[in-house]
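Source file: model-v4.pdb. Holds: PDB, C-alpha atoms and all ligand atoms.
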ATOM      1  CA  MET A 183     109.729  91.031  84.990
ATOM      2  CA  VAL A 184     111.275  93.441  87.476
ATOM      3  CA  LYS A 185     114.413  92.389  89.385
ATOM      4  CA  PHE A 186     115.704  94.194  92.440
ATOM      5  CA  ILE A 187     117.407  93.681  95.804
ATOM      6  CA  LEU A 188     115.050  93.386  98.752
ATOM      7  CA  ASN A 189     116.423  93.491 102.296
ATOM      8  CA  GLY A 190     119.768  92.226 101.033
ATOM      9  CA  GLY A 191     118.506  89.368  98.848
ATOM     10  CA  GLU A 192     117.734  89.080  95.133
ATOM     11  CA  ALA A 193     114.035  89.476  94.325
ATOM     12  CA  GLU A 194     111.885  89.513  91.202
ATOM     13  CA  THR A 195     108.261  89.891  90.299
ATOM     14  CA  ASP A 196     105.970  89.529  87.318
ATOM     15  CA  ALA A 197     103.472  92.032  88.740
ATOM     16  CA  PRO A 198     102.435  94.840  86.354
ATOM     17  CA  ALA A 199     104.873  97.771  86.181
ATOM     18  CA  ALA A 200     102.245 100.164  87.533
ATOM     19  CA  THR A 201     101.803  98.169  90.754
ATOM     20  CA  ARG A 202     102.626 100.326  93.759
ATOM     21  CA  LEU A 203     105.726  99.256  95.675
ATOM     22  CA  ILE A 204     103.785  99.151  98.959
ATOM     23  CA  ASP A 205     101.306  96.668  97.476
ATOM     24  CA  LEU A 206     104.100  94.481  96.112
ATOM     25  CA  LEU A 207     105.887  94.461  99.462
ATOM     26  CA  ARG A 208     102.810  93.708 101.540
ATOM     27  CA  ASP A 209     100.792  91.465  99.213
ATOM     28  CA  GLU A 210     103.446  89.515  97.295
ATOM     29  CA  PHE A 211     106.410  89.537  99.675
ATOM     30  CA  LEU A 212     104.302  89.577 102.870
ATOM     31  CA  LEU A 213     106.428  92.362 104.367
ATOM     32  CA  ILE A 214     103.849  94.153 106.449
ATOM     33  CA  GLY A 215     106.204  96.616 108.181
ATOM     34  CA  PRO A 216     105.427  99.442 105.743
ATOM     35  CA  LYS A 217     101.857 100.628 106.475
ATOM     36  CA  GLU A 218      99.398 102.421 104.241
ATOM     37  CA  GLY A 219      98.135 105.572 105.923
ATOM     38  CA  CYS A 220      97.167 108.118 103.285
ATOM     39  CA  GLY A 221      98.187 106.357 100.080
ATOM     40  CA  ASP A 222      99.053 109.790  98.763
ATOM     41  CA  GLY A 223     102.620 110.657  99.804
ATOM     42  CA  GLU A 224     101.537 112.720 102.816
ATOM     43  CA  CYS A 225     102.066 110.617 105.959
ATOM     44  CA  GLY A 226     105.257 108.566 105.636
ATOM     45  CA  THR A 227     103.868 105.374 107.215
ATOM     46  CA  CYS A 228     104.890 103.491 104.070
ATOM     47  CA  SER A 229     108.511 104.731 104.181
ATOM     48  CA  VAL A 230     111.266 102.494 102.827
ATOM     49  CA  LEU A 231     114.830 103.095 101.706
ATOM     50  CA  VAL A 232     115.429 102.980  97.955
ATOM     51  CA  ASN A 233     119.151 103.027  97.201
ATOM     52  CA  GLY A 234     119.646 104.461 100.685
ATOM     53  CA  LEU A 235     117.156 107.309 100.279
ATOM     54  CA  LEU A 236     113.895 107.647 102.213
ATOM     55  CA  GLN A 237     110.922 107.162  99.877
ATOM     56  CA  ASN A 238     107.161 106.743 100.186
ATOM     57  CA  SER A 239     106.465 103.281  98.817
ATOM     58  CA  CYS A 240     102.844 104.252  98.066
ATOM     59  CA  LEU A 241     104.092 106.609  95.347
ATOM     60  CA  ILE A 242     106.547 104.301  93.577
ATOM     61  CA  PRO A 243     105.450 102.130  90.637
ATOM     62  CA  ILE A 244     107.513  98.970  90.589
ATOM     63  CA  GLY A 245     108.530  99.655  87.008
ATOM     64  CA  ALA A 246     110.814 102.306  88.538
ATOM     65  CA  ILE A 247     112.712  99.965  90.871
ATOM     66  CA  GLU A 248     114.519  97.732  88.369
ATOM     67  CA  GLY A 249     117.971  97.052  89.861
ATOM     68  CA  ALA A 250     117.286  99.160  92.959
ATOM     69  CA  GLU A 251     118.123  98.212  96.509
ATOM     70  CA  ILE A 252     115.039  98.319  98.726
ATOM     71  CA  VAL A 253     115.177  98.112 102.518
ATOM     72  CA  THR A 254     111.996  97.875 104.572
ATOM     73  CA  ILE A 255     111.657  98.029 108.347
ATOM     74  CA  ASP A 256     111.397  94.225 108.245
ATOM     75  CA  GLY A 257     114.956  93.951 106.917
ATOM     76  CA  PHE A 258     116.264  96.933 108.848
ATOM     77  CA  SER A 259     115.059  95.328 112.090
ATOM     78  CA  LYS A 260     117.941  92.840 111.862
ATOM     79  CA  THR A 261     120.600  95.551 112.100
ATOM     80  CA  GLU A 262     122.543  97.006 115.012
ATOM     81  CA  GLN A 263     121.260 100.466 114.069
ATOM     82  CA  PHE A 264     117.701  99.192 114.549
ATOM     83  CA  ARG A 265     118.581  97.746 117.949
ATOM     84  CA  VAL A 266     119.871 101.136 119.113
ATOM     85  CA  LEU A 267     116.901 103.037 117.670
ATOM     86  CA  SER A 268     114.449 100.603 119.177
ATOM     87  CA  GLU A 269     116.033 100.916 122.638
ATOM     88  CA  CYS A 270     116.066 104.695 122.374
ATOM     89  CA  TYR A 271     112.444 104.924 121.158
ATOM     90  CA  SER A 272     111.488 102.792 124.129
ATOM     91  CA  GLU A 273     113.620 104.734 126.622
ATOM     92  CA  ALA A 274     112.238 108.073 125.413
ATOM     93  CA  GLY A 275     108.625 106.808 125.530
ATOM     94  CA  ALA A 276     108.326 107.667 121.839
ATOM     95  CA  VAL A 277     105.768 105.017 120.877
ATOM     96  CA  GLN A 278     102.065 105.305 121.613
ATOM     97  CA  CYS A 279      99.730 103.666 119.075
ATOM     98  CA  GLY A 280     102.772 102.735 116.994
ATOM     99  CA  PHE A 281     101.191 103.048 113.547
ATOM    100  CA  CYS A 282     103.649 105.721 112.441
ATOM    101  CA  ILE A 283     106.681 104.097 114.046
ATOM    102  CA  PRO A 284     107.969 101.831 111.230
ATOM    103  CA  GLY A 285     108.077 104.887 108.962
ATOM    104  CA  MET A 286     109.564 107.055 111.730
ATOM    105  CA  VAL A 287     112.333 104.532 112.321
ATOM    106  CA  MET A 288     113.161 104.429 108.599
ATOM    107  CA  ALA A 289     113.206 108.248 108.550
ATOM    108  CA  SER A 290     115.446 108.175 111.641
ATOM    109  CA  THR A 291     118.045 105.926 110.051
ATOM    110  CA  ALA A 292     117.911 107.862 106.762
ATOM    111  CA  LEU A 293     118.580 111.053 108.710
ATOM    112  CA  LEU A 294     121.380 109.611 110.864
ATOM    113  CA  SER A 295     123.043 108.073 107.791
ATOM    114  CA  LYS A 296     123.273 111.529 106.238
ATOM    115  CA  ASN A 297     123.868 113.435 109.443
ATOM    116  CA  PRO A 298     125.042 111.341 112.438
ATOM    117  CA  HIS A 299     124.936 114.324 114.849
ATOM    118  CA  PRO A 300     121.788 116.278 113.963
ATOM    119  CA  THR A 301     120.558 119.321 115.862
ATOM    120  CA  GLU A 302     116.983 119.339 117.153
ATOM    121  CA  ASP A 303     115.893 121.398 114.145
ATOM    122  CA  GLU A 304     117.592 118.968 111.787
ATOM    123  CA  ILE A 305     115.833 116.038 113.495
ATOM    124  CA  ARG A 306     112.467 117.789 113.140
ATOM    125  CA  GLU A 307     113.244 118.461 109.463
ATOM    126  CA  GLY A 308     114.344 114.815 109.006
ATOM    127  CA  ILE A 309     110.988 113.479 110.216
ATOM    128  CA  SER A 310     108.904 116.243 108.654
ATOM    129  CA  GLY A 311     107.499 113.853 106.042
ATOM    130  CA  ASN A 312     106.232 111.473 108.725
ATOM    131  CA  LEU A 313     103.028 112.220 110.608
ATOM    132  CA  CYS A 314     102.286 111.032 114.148
ATOM    133  CA  ARG A 315      98.903 111.661 115.739
ATOM    134  CA  CYS A 316      99.876 110.536 119.225
ATOM    135  CA  THR A 317     103.151 111.830 120.556
ATOM    136  CA  GLY A 318     103.381 115.487 119.614
ATOM    137  CA  TYR A 319     106.767 114.517 118.162
ATOM    138  CA  ASN A 320     108.816 115.616 121.186
ATOM    139  CA  MET A 321     109.555 112.109 122.454
ATOM    140  CA  ILE A 322     110.387 110.932 118.941
ATOM    141  CA  VAL A 323     112.833 113.828 118.593
ATOM    142  CA  ASP A 324     114.318 112.869 121.986
ATOM    143  CA  ALA A 325     114.628 109.231 120.859
ATOM    144  CA  ILE A 326     116.551 110.172 117.712
ATOM    145  CA  ASP A 327     118.796 112.517 119.677
ATOM    146  CA  LEU A 328     119.494 109.692 122.134
ATOM    147  CA  ALA A 329     120.183 107.235 119.297
ATOM    148  CA  ALA A 330     122.675 109.663 117.756
ATOM    149  CA  LYS A 331     124.555 109.662 121.080
ATOM    150  CA  LYS A 332     124.247 105.972 121.988
ATOM    151  CA  GLY A 333     124.858 104.815 118.439
ATOM    152  CA  ASP A 334     127.793 107.117 117.824
ATOM    153  CA  GLY A 335     129.926 105.526 115.089
ATOM    154  CA  LEU A 336     127.149 103.221 113.810
ATOM    155  CA  TRP A 337     125.890 105.610 111.154
TER
HETATM  156  S1  LIG A 401     100.805 105.841 102.821
HETATM  157 FE1  LIG A 401     102.528 106.518 101.725
HETATM  158  S2  LIG A 401     102.852 108.534 102.407
HETATM  159 FE2  LIG A 401     101.034 107.923 103.424
HETATM  160  S1  LIG A 402     102.554 106.705 117.847
HETATM  161 FE1  LIG A 402     100.553 106.783 117.056
HETATM  162  S2  LIG A 402     100.669 107.794 115.166
HETATM  163 FE2  LIG A 402     102.635 107.923 116.041
END
Output the file's structure in the form of structure tokens.
Amino acid sequence: MVKFILNGGEAETDAPAATRLIDLLRDEFLLIGPKEGCGDGECGTCSVLVNGLLQNSCLIPIGAIEGAEIVTIDGFSKTEQFRVLSECYSEAGAVQCGFCIPGMVMASTALLSKNPHPTEDEIREGISGNLCRCTGYNMIVDAIDLAAKKGDGLW
């Protein structure tokens, strides 16, 4: 059995240790915020926070998360930081098809937690593990820049 903290609550599973975290989250816990794009650590659509760090849940076997604190977009969406990011993504027109956005938002909060006032280059570096086919990234960069200003003091 693997025990961990999921979106602030205690969680456990009897799934095999080699099960991928993304499959556990989506299939057993019905948290469908993290998406599977590549399944290979390349696109970031499956991004979650593990002990506060941005991770690709498609690459993590659940045997490695014993005792860890996992936050998915589903849990993060209840926070004030999410509210600010969501407003700023909307205001900047940063969402088109939206498939990449749960991962982008998790990358955004991971970045702002480490660096609440990032430069444009630092924002681009912060989302460099997350692919978006629609926006050309500029509006997403604008959204994060706006969130850093509007959410000053939240991260
Ligand atoms: S699905 Fe995990 S990085 Fe692409
Ligand atoms: S908005 Fe479509 S992939 Fe990013």
Handout entry: Closest of A:Ala197, A:Cys225, A:Val266, A:Ala276 to Asp209 of chain A - atom-to-atom distances counting all atoms listed in the file
Key =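 Result for the nearest residue to Asp209 of chain A: A:Ala197.
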How big is the axis-aligned box around all listed atoms of segment 219-238 of chain A once 3 Å goes on each side, and where's its centre, in Å to one decimal, as AutoDock Vina command-line options?
--center_x 108.4 --center_y 107.6 --center_z 102.2 --size_x 28.5 --size_y 16.2 --size_z 16.0
Handout entry: Target residues per the PyMOL selection byres (((chain A and resi 205-208) around 10) and not hetatm), formatted as JSON, numbers by chain
Key = {"A": [188, 195, 197, 198, 201, 202, 203, 204, 209, 210, 211, 212, 213, 214, 215, 216, 217, 218, 239, 240, 243, 244, 252, 254]}
Practice task
Give as a PyMOL selection string the residues surrounding ligand LIG 402 (chain A) up to a distance of 8 Å, considering all atoms listed in the file.
Solution key: chain A and resi 276-283+313-317
Practice task
Name the residues that the PyMOL selection byres (((chain A and resi 288) around 12) and not hetatm) picks from the file above, as a ChimeraX atom specification, using the file's chain letters and numbers.
Solution key: /A:215-216,226-232,234-239,252-259,263-264,267-268,282-287,289-295,308-309,311-312,326
Save out the residues we just selected, C-alpha atoms, as a PDB file, in the coordinates of the input.
ATOM      1  CA  GLY A 215     106.204  96.616 108.181  1.00  0.00           C
ATOM      2  CA  PRO A 216     105.427  99.442 105.743  1.00  0.00           C
ATOM      3  CA  GLY A 226     105.257 108.566 105.636  1.00  0.00           C
ATOM      4  CA  THR A 227     103.868 105.374 107.215  1.00  0.00           C
ATOM      5  CA  CYS A 228     104.890 103.491 104.070  1.00  0.00           C
ATOM      6  CA  SER A 229     108.511 104.731 104.181  1.00  0.00           C
ATOM      7  CA  VAL A 230     111.266 102.494 102.827  1.00  0.00           C
ATOM      8  CA  LEU A 231     114.830 103.095 101.706  1.00  0.00           C
ATOM      9  CA  VAL A 232     115.429 102.980  97.955  1.00  0.00           C
ATOM     10  CA  GLY A 234     119.646 104.461 100.685  1.00  0.00           C
ATOM     11  CA  LEU A 235     117.156 107.309 100.279  1.00  0.00           C
ATOM     12  CA  LEU A 236     113.895 107.647 102.213  1.00  0.00           C
ATOM     13  CA  GLN A 237     110.922 107.162  99.877  1.00  0.00           C
ATOM     14  CA  ASN A 238     107.161 106.743 100.186  1.00  0.00           C
ATOM     15  CA  SER A 239     106.465 103.281  98.817  1.00  0.00           C
ATOM     16  CA  ILE A 252     115.039  98.319  98.726  1.00  0.00           C
ATOM     17  CA  VAL A 253     115.177  98.112 102.518  1.00  0.00           C
ATOM     18  CA  THR A 254     111.996  97.875 104.572  1.00  0.00           C
ATOM     19  CA  ILE A 255     111.657  98.029 108.347  1.00  0.00           C
ATOM     20  CA  ASP A 256     111.397  94.225 108.245  1.00  0.00           C
ATOM     21  CA  GLY A 257     114.956  93.951 106.917  1.00  0.00           C
ATOM     22  CA  PHE A 258     116.264  96.933 108.848  1.00  0.00           C
ATOM     23  CA  SER A 259     115.059  95.328 112.090  1.00  0.00           C
ATOM     24  CA  GLN A 263     121.260 100.466 114.069  1.00  0.00           C
ATOM     25  CA  PHE A 264     117.701  99.192 114.549  1.00  0.00           C
ATOM     26  CA  LEU A 267     116.901 103.037 117.670  1.00  0.00           C
ATOM     27  CA  SER A 268     114.449 100.603 119.177  1.00  0.00           C
ATOM     28  CA  CYS A 282     103.649 105.721 112.441  1.00  0.00           C
ATOM     29  CA  ILE A 283     106.681 104.097 114.046  1.00  0.00           C
ATOM     30  CA  PRO A 284     107.969 101.831 111.230  1.00  0.00           C
ATOM     31  CA  GLY A 285     108.077 104.887 108.962  1.00  0.00           C
ATOM     32  CA  MET A 286     109.564 107.055 111.730  1.00  0.00           C
ATOM     33  CA  VAL A 287     112.333 104.532 112.321  1.00  0.00           C
ATOM     34  CA  ALA A 289     113.206 108.248 108.550  1.00  0.00           C
ATOM     35  CA  SER A 290     115.446 108.175 111.641  1.00  0.00           C
ATOM     36  CA  THR A 291     118.045 105.926 110.051  1.00  0.00           C
ATOM     37  CA  ALA A 292     117.911 107.862 106.762  1.00  0.00           C
ATOM     38  CA  LEU A 293     118.580 111.053 108.710  1.00  0.00           C
ATOM     39  CA  LEU A 294     121.380 109.611 110.864  1.00  0.00           C
ATOM     40  CA  SER A 295     123.043 108.073 107.791  1.00  0.00           C
ATOM     41  CA  GLY A 308     114.344 114.815 109.006  1.00  0.00           C
ATOM     42  CA  ILE A 309     110.988 113.479 110.216  1.00  0.00           C
ATOM     43  CA  GLY A 311     107.499 113.853 106.042  1.00  0.00           C
ATOM     44  CA  ASN A 312     106.232 111.473 108.725  1.00  0.00           C
ATOM     45  CA  ILE A 326     116.551 110.172 117.712  1.00  0.00           C
TER      46      ILE A 326
END
Problem - Coordinates-based distance that separates atom CA of Tyr271 of chain A from atom CA of Asp327 of chain A (Å, one decimal) - result: 10.0 Å
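The spacing separating atom CA of Gly219 of chain A from atom S2 of ligand LIG 401 (chain A) amounts to 6.6 Å.
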Handout entry: Residue with smallest distance to ligand LIG 401 (chain A) - pool A:Glu307, A:Gly318, A:Leu241, A:Gly335, counting all atoms listed in the file
Key =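 That would be A:Leu241, the residue with the smallest distance to ligand LIG 401 (chain A).
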Exercise for the section: Evaluate the PyMOL selection byres (((chain A and resi 193) around 10) and not hetatm) here and jot the selected residues down as a VMD selection string. Expected result: chain A and resid 184 to 192 194 to 195 211 249 251 to 252
Problem - d(atom CA of Ala329 of chain A, atom CA of Asp303 of chain A) in Å - result: 15.7 Å
Can you pull segment 271-312 of chain A out of that block with C-alpha atoms and hand it back as a PDB file, in the first residue's frame?
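What landed in result13.pdb:
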ATOM      1  CA  TYR A 271      -5.102  33.826 -18.392  1.00  0.00           C
ATOM      2  CA  SER A 272      -8.553  34.966 -19.428  1.00  0.00           C
ATOM      3  CA  GLU A 273      -7.648  38.667 -19.557  1.00  0.00           C
ATOM      4  CA  ALA A 274      -4.532  37.973 -21.638  1.00  0.00           C
ATOM      5  CA  GLY A 275      -6.446  35.692 -24.045  1.00  0.00           C
ATOM      6  CA  ALA A 276      -3.999  32.914 -23.177  1.00  0.00           C
ATOM      7  CA  VAL A 277      -6.338  29.957 -23.698  1.00  0.00           C
ATOM      8  CA  GLN A 278      -7.254  28.575 -27.103  1.00  0.00           C
ATOM      9  CA  CYS A 279      -7.925  24.820 -27.250  1.00  0.00           C
ATOM     10  CA  GLY A 280      -7.048  24.595 -23.559  1.00  0.00           C
ATOM     11  CA  PHE A 281      -5.461  21.138 -23.583  1.00  0.00           C
ATOM     12  CA  CYS A 282      -2.125  22.439 -22.323  1.00  0.00           C
ATOM     13  CA  ILE A 283      -3.619  24.868 -19.817  1.00  0.00           C
ATOM     14  CA  PRO A 284      -3.901  22.703 -16.662  1.00  0.00           C
ATOM     15  CA  GLY A 285      -0.189  21.921 -16.994  1.00  0.00           C
ATOM     16  CA  MET A 286       0.635  25.548 -17.852  1.00  0.00           C
ATOM     17  CA  VAL A 287      -1.189  26.772 -14.760  1.00  0.00           C
ATOM     18  CA  MET A 288       0.703  24.302 -12.552  1.00  0.00           C
ATOM     19  CA  ALA A 289       3.974  25.441 -14.159  1.00  0.00           C
ATOM     20  CA  SER A 290       2.906  29.059 -13.564  1.00  0.00           C
ATOM     21  CA  THR A 291       2.331  28.575  -9.853  1.00  0.00           C
ATOM     22  CA  ALA A 292       5.534  26.528  -9.482  1.00  0.00           C
ATOM     23  CA  LEU A 293       7.444  29.375 -11.115  1.00  0.00           C
ATOM     24  CA  LEU A 294       5.789  32.158  -9.096  1.00  0.00           C
ATOM     25  CA  SER A 295       6.330  30.220  -5.853  1.00  0.00           C
ATOM     26  CA  LYS A 296      10.062  30.182  -6.548  1.00  0.00           C
ATOM     27  CA  ASN A 297      10.259  33.579  -8.186  1.00  0.00           C
ATOM     28  CA  PRO A 298       7.291  35.924  -7.531  1.00  0.00           C
ATOM     29  CA  HIS A 299       8.633  38.641  -9.885  1.00  0.00           C
ATOM     30  CA  PRO A 300      10.034  36.807 -12.915  1.00  0.00           C
ATOM     31  CA  THR A 301      11.430  38.525 -15.994  1.00  0.00           C
ATOM     32  CA  GLU A 302      10.045  37.565 -19.400  1.00  0.00           C
ATOM     33  CA  ASP A 303      13.008  35.246 -19.966  1.00  0.00           C
ATOM     34  CA  GLU A 304      12.456  33.615 -16.592  1.00  0.00           C
ATOM     35  CA  ILE A 305       8.763  33.089 -17.420  1.00  0.00           C
ATOM     36  CA  ARG A 306       9.688  31.486 -20.752  1.00  0.00           C
ATOM     37  CA  GLU A 307      12.204  29.257 -18.941  1.00  0.00           C
ATOM     38  CA  GLY A 308       9.571  28.407 -16.284  1.00  0.00           C
ATOM     39  CA  ILE A 309       7.124  27.095 -18.892  1.00  0.00           C
ATOM     40  CA  SER A 310       9.771  25.566 -21.146  1.00  0.00           C
ATOM     41  CA  GLY A 311       8.700  22.038 -20.189  1.00  0.00           C
ATOM     42  CA  ASN A 312       5.110  22.709 -21.252  1.00  0.00           C
TER      43      ASN A 312
END
